[in-house]
Amino acid sequence: MSPADVIIDLKGVSKRYGVGDAESYALRDFDLTVKRGEFIMIMGPSGCGKTTLLNILGLLDKPSEGEYILNGQSIERASERKKARLRAKKIGVIFQDFNLIPHLSVLDNVTLPMVYAGYTKTHRELMADKVLDRFRLQEREYYMPYQLSGGQQQRVAIARSLVVDPEIILADEPTGNLDSRSSHVVMEELKEIHSEGNTIIMVTHNPALTSYATRVIHMLDGQIDTDIKTVDDDDLPQPVEIHFRKRKILKEVKAALSGKKSEDLDEEEQITEEEER
Ligand SMILES: Nc1ncnc2c1ncn2[C@@H]1O[C@H](COP(=O)(O)OP(=O)(O)OP(=O)(O)O)[C@@H](O)[C@H]1O
Ligand SMILES: [Mg+2]
C-alpha cells in the first residue's frame with residue numbers, strides 16, 4: 001500500500017487529565033494507522049478512552065502528547081482556521097443521543113454543517129434535498145426533532161453528518177439508544193456509506209454489530225488490547241469512488257444553479273479543484 005492510502009495516523013498520542021496525585025490517562029501512548037475505506041469498530045469497557053479517542057480524531061479535543069496526522073498533514077501545526085475547515089468538510093460526527101438542535105426543523109438541522117462549511121443558501125437547500133431524499137426523510141423535512149422517533153432522529157443525524165460529503169465518519173455508539181429494528185436500519189445505512197469508499201470509525205458495546213466492520217479494536221485502560229482486521233487492505237472500497245461521487249454531486253448542483261443539464265456545462269463551468277476540496 002502506498003502512503004497515500006493512509007487517512008489517519010496517530011503516533012504516541014496520550015490524553016492526560018488532572019495533575020499530581022489526581023493525574024490520570026484517558027489515552028496512553030496510543031498508535032493507530034487507518035487506511036482509507038476501513039470500517040473500524042472500537043470496543044472496550046466504560047472509561048477505557050473510546051470517546052476521548054473519537055474526540056481527538058474529530059478535532060474536538062487535543063492530545064496532551066503525540067502526533068495526529070490527518071490526510072498527510074500534522075494537525076499540531078495546522079492553524080485554527082484550517083482545523084475548523086477540516087472539521088466542517090472532511091469529518092462527519094454521529095452521537096449516541098443524536099444531538100439534533102431541538103428548535104430547528106429536520107431541514108435546518110441537516111443544512112447546518114453547510115453553513116459552517118460556507119456554502120450558499122441555494123447550494124445548501126439543493127444538497128439537503130438530495131441527502132434527505134436518499135434517507136427517505138423528505139416528507140419529514142419540516143418536522144421538529146421531538147416529532148420523530150429515535151430511529152428517525154438518528155437517521156436525520158446521519159444525513160446531517162453526510163451532507164457535506166465527508167471522507168471520515170466518526171460515530172460514538174450511534175445505535176446505543178435505538179431498538180433492534182432501528183439499529184438495523186442505521187447499520188445498513190452506515191454499511192452503504194462505507195461501501196462508497198468512506199472511512200468509518202464507530203464505538204459500540206454491541207458485539208453483534210462487529211460483522212459490519214473490516215477491523216475490530218478492543219481497548220483497555222487507554223490502550224489497544226487487541227486489533228483484528230477481518231478484511232484485507234486490498235479489498236477495502238476504493239477512494240476513487242468517493243472522488244467520482246463528489247464530482248458528480250457538485251456537477252449536478254452547479255448545473256441546477258445555472259439552469260443547465262450537468263452534461264451541458266461549458267469547459268470553464270466544470271468543477272475546479274478548489275471547489276472540490
Ligand atoms: N473532561 C474530563 N476530565 C477528567 N477526566 C476525564 C474527562 N473526560 C474523560 N475523562 C476520563 O477519561 C477516561 C476515559 O473516558 P471516555 O469518555 O473516553 O471513556 P469511554 O471509553 O468513552 O467510556 P463509555 O463507554 O462509558 O462511554 C475516564 O476515566 C474519564 O473519567
Ligand atoms: Mg464514551
# chains A, B, ... in the order shown; residues from 1 in each chain; ligands from 1
>>> residues_around(residues="range 107-124 of chain A", least_positions_apart="6", cutoff="6 Å", atoms="only C-alpha atoms", output="list in words")
Ala88, Glu141 and Arg160 of chain A
>>> residues_near_ligand(ligand="ligand 2", cutoff="9 Å", atoms="only C-alpha atoms and all ligand atoms", output="list of chain:residue names")
A:Ser46, A:Gly47, A:Cys48, A:Gly49, A:Lys50, A:Thr51, A:Thr52, A:Leu54, A:Asp172, A:Glu173, A:Val203
>>> write_last_selection(atoms="C-alpha atoms", output="mmCIF file, in the first residue's frame")
data_model
loop_
_atom_site.group_PDB
_atom_site.id
_atom_site.type_symbol
_atom_site.label_atom_id
_atom_site.label_comp_id
_atom_site.auth_asym_id
_atom_site.auth_seq_id
_atom_site.Cartn_x
_atom_site.Cartn_y
_atom_site.Cartn_z
ATOM 1 C CA SER A 46 -16.681 2.067 30.155
ATOM 2 C CA GLY A 47 -13.948 4.612 30.826
ATOM 3 C CA CYS A 48 -11.282 2.943 28.646
ATOM 4 C CA GLY A 49 -10.960 6.038 26.439
ATOM 5 C CA LYS A 50 -13.177 5.372 23.411
ATOM 6 C CA THR A 51 -14.949 8.744 23.375
ATOM 7 C CA THR A 52 -11.677 10.520 24.130
ATOM 8 C CA LEU A 54 -13.087 9.890 18.803
ATOM 9 C CA ASP A 172 -19.998 7.171 19.150
ATOM 10 C CA GLU A 173 -22.461 4.363 19.945
ATOM 11 C CA VAL A 203 -17.680 2.897 19.008
#
>>> residues_near_ligand(ligand="ligand 1", cutoff="12 Å", atoms="only C-alpha atoms and all ligand atoms", output="ChimeraX atom specification")
/A:14-19,22-28,42-56,61-62,95-97,171-174,176,202-206,218-224
>>> write_last_selection(atoms="C-alpha atoms", output="short mmCIF file (atom, residue, chain, number, x, y, z; two decimals), in the first residue's frame")
data_model
loop_
_atom_site.label_atom_id
_atom_site.label_comp_id
_atom_site.auth_asym_id
_atom_site.auth_seq_id
_atom_site.Cartn_x
_atom_site.Cartn_y
_atom_site.Cartn_z
CA SER A 14 -1.71 10.49 25.14
CA LYS A 15 -4.55 12.36 26.80
CA ARG A 16 -3.94 13.25 30.41
CA TYR A 17 -6.38 14.69 32.91
CA GLY A 18 -5.62 16.26 36.28
CA VAL A 19 -2.23 16.98 37.86
CA ALA A 22 -5.04 13.23 40.59
CA GLU A 23 -3.30 12.69 37.24
CA SER A 24 -4.82 10.02 35.03
CA TYR A 25 -4.55 8.99 31.42
CA ALA A 26 -7.65 8.60 29.22
CA LEU A 27 -5.33 7.55 26.37
CA ARG A 28 -1.78 6.35 26.83
CA ILE A 42 -13.93 0.23 18.76
CA MET A 43 -15.00 -1.76 21.81
CA GLY A 44 -13.97 -1.86 25.45
CA PRO A 45 -15.22 -1.23 28.99
CA SER A 46 -16.68 2.07 30.16
CA GLY A 47 -13.95 4.61 30.83
CA CYS A 48 -11.28 2.94 28.65
CA GLY A 49 -10.96 6.04 26.44
CA LYS A 50 -13.18 5.37 23.41
CA THR A 51 -14.95 8.74 23.38
CA THR A 52 -11.68 10.52 24.13
CA LEU A 53 -10.19 8.84 21.06
CA LEU A 54 -13.09 9.89 18.80
CA ASN A 55 -12.94 13.47 20.14
CA ILE A 56 -9.27 13.69 19.25
CA ASP A 61 -10.09 17.73 21.63
CA LYS A 62 -6.29 17.94 21.59
CA PHE A 95 -23.55 10.73 18.59
CA GLN A 96 -25.48 8.26 20.73
CA ASP A 97 -28.11 10.85 21.73
CA ALA A 171 -19.82 7.52 15.36
CA ASP A 172 -20.00 7.17 19.15
CA GLU A 173 -22.46 4.36 19.94
CA PRO A 174 -24.87 5.51 17.21
CA GLY A 176 -26.92 2.83 21.75
CA MET A 202 -17.54 3.59 15.27
CA VAL A 203 -17.68 2.90 19.01
CA THR A 204 -20.08 0.17 20.10
CA HIS A 205 -20.86 -2.00 23.11
CA ASN A 206 -22.76 -4.48 20.92
CA HIS A 218 -10.63 -3.71 21.76
CA MET A 219 -9.34 -1.04 24.11
CA LEU A 220 -8.33 -1.34 27.74
CA ASP A 221 -7.13 1.45 30.07
CA GLY A 222 -6.42 3.94 27.29
CA GLN A 223 -4.53 1.47 25.12
CA ILE A 224 -5.17 -1.05 22.35
#
>>> select_by_dssp(residues="range 23-133 of chain A", states="strand (DSSP E)", output="count of residues only")
29
>>> atom_distance(atom1="CA of Val163 in chain A", atom2="CA of Thr175 in chain A")
19.9 Å
>>> closest_residue(among="A:Ile200, A:Leu70, A:Ala159, A:Ala84", to="Leu100 in chain A", atoms="only C-alpha atoms")
A:Ala159
>>> residues_around(residues="Ser211 in chain A", least_positions_apart="5", cutoff="10 Å", atoms="only C-alpha atoms", output="list in words")
Met41, Val216 and Thr230 of chain A
>>> atom_distance(atom1="CA of Phe30 in chain A", atom2="CA of Gln73 in chain A")
18.1 Å
>>> closest_residue(among="A:Val106, A:Arg36, A:Ser195, A:Asp225", to="Arg140 in chain A", atoms="only C-alpha atoms")
A:Val106
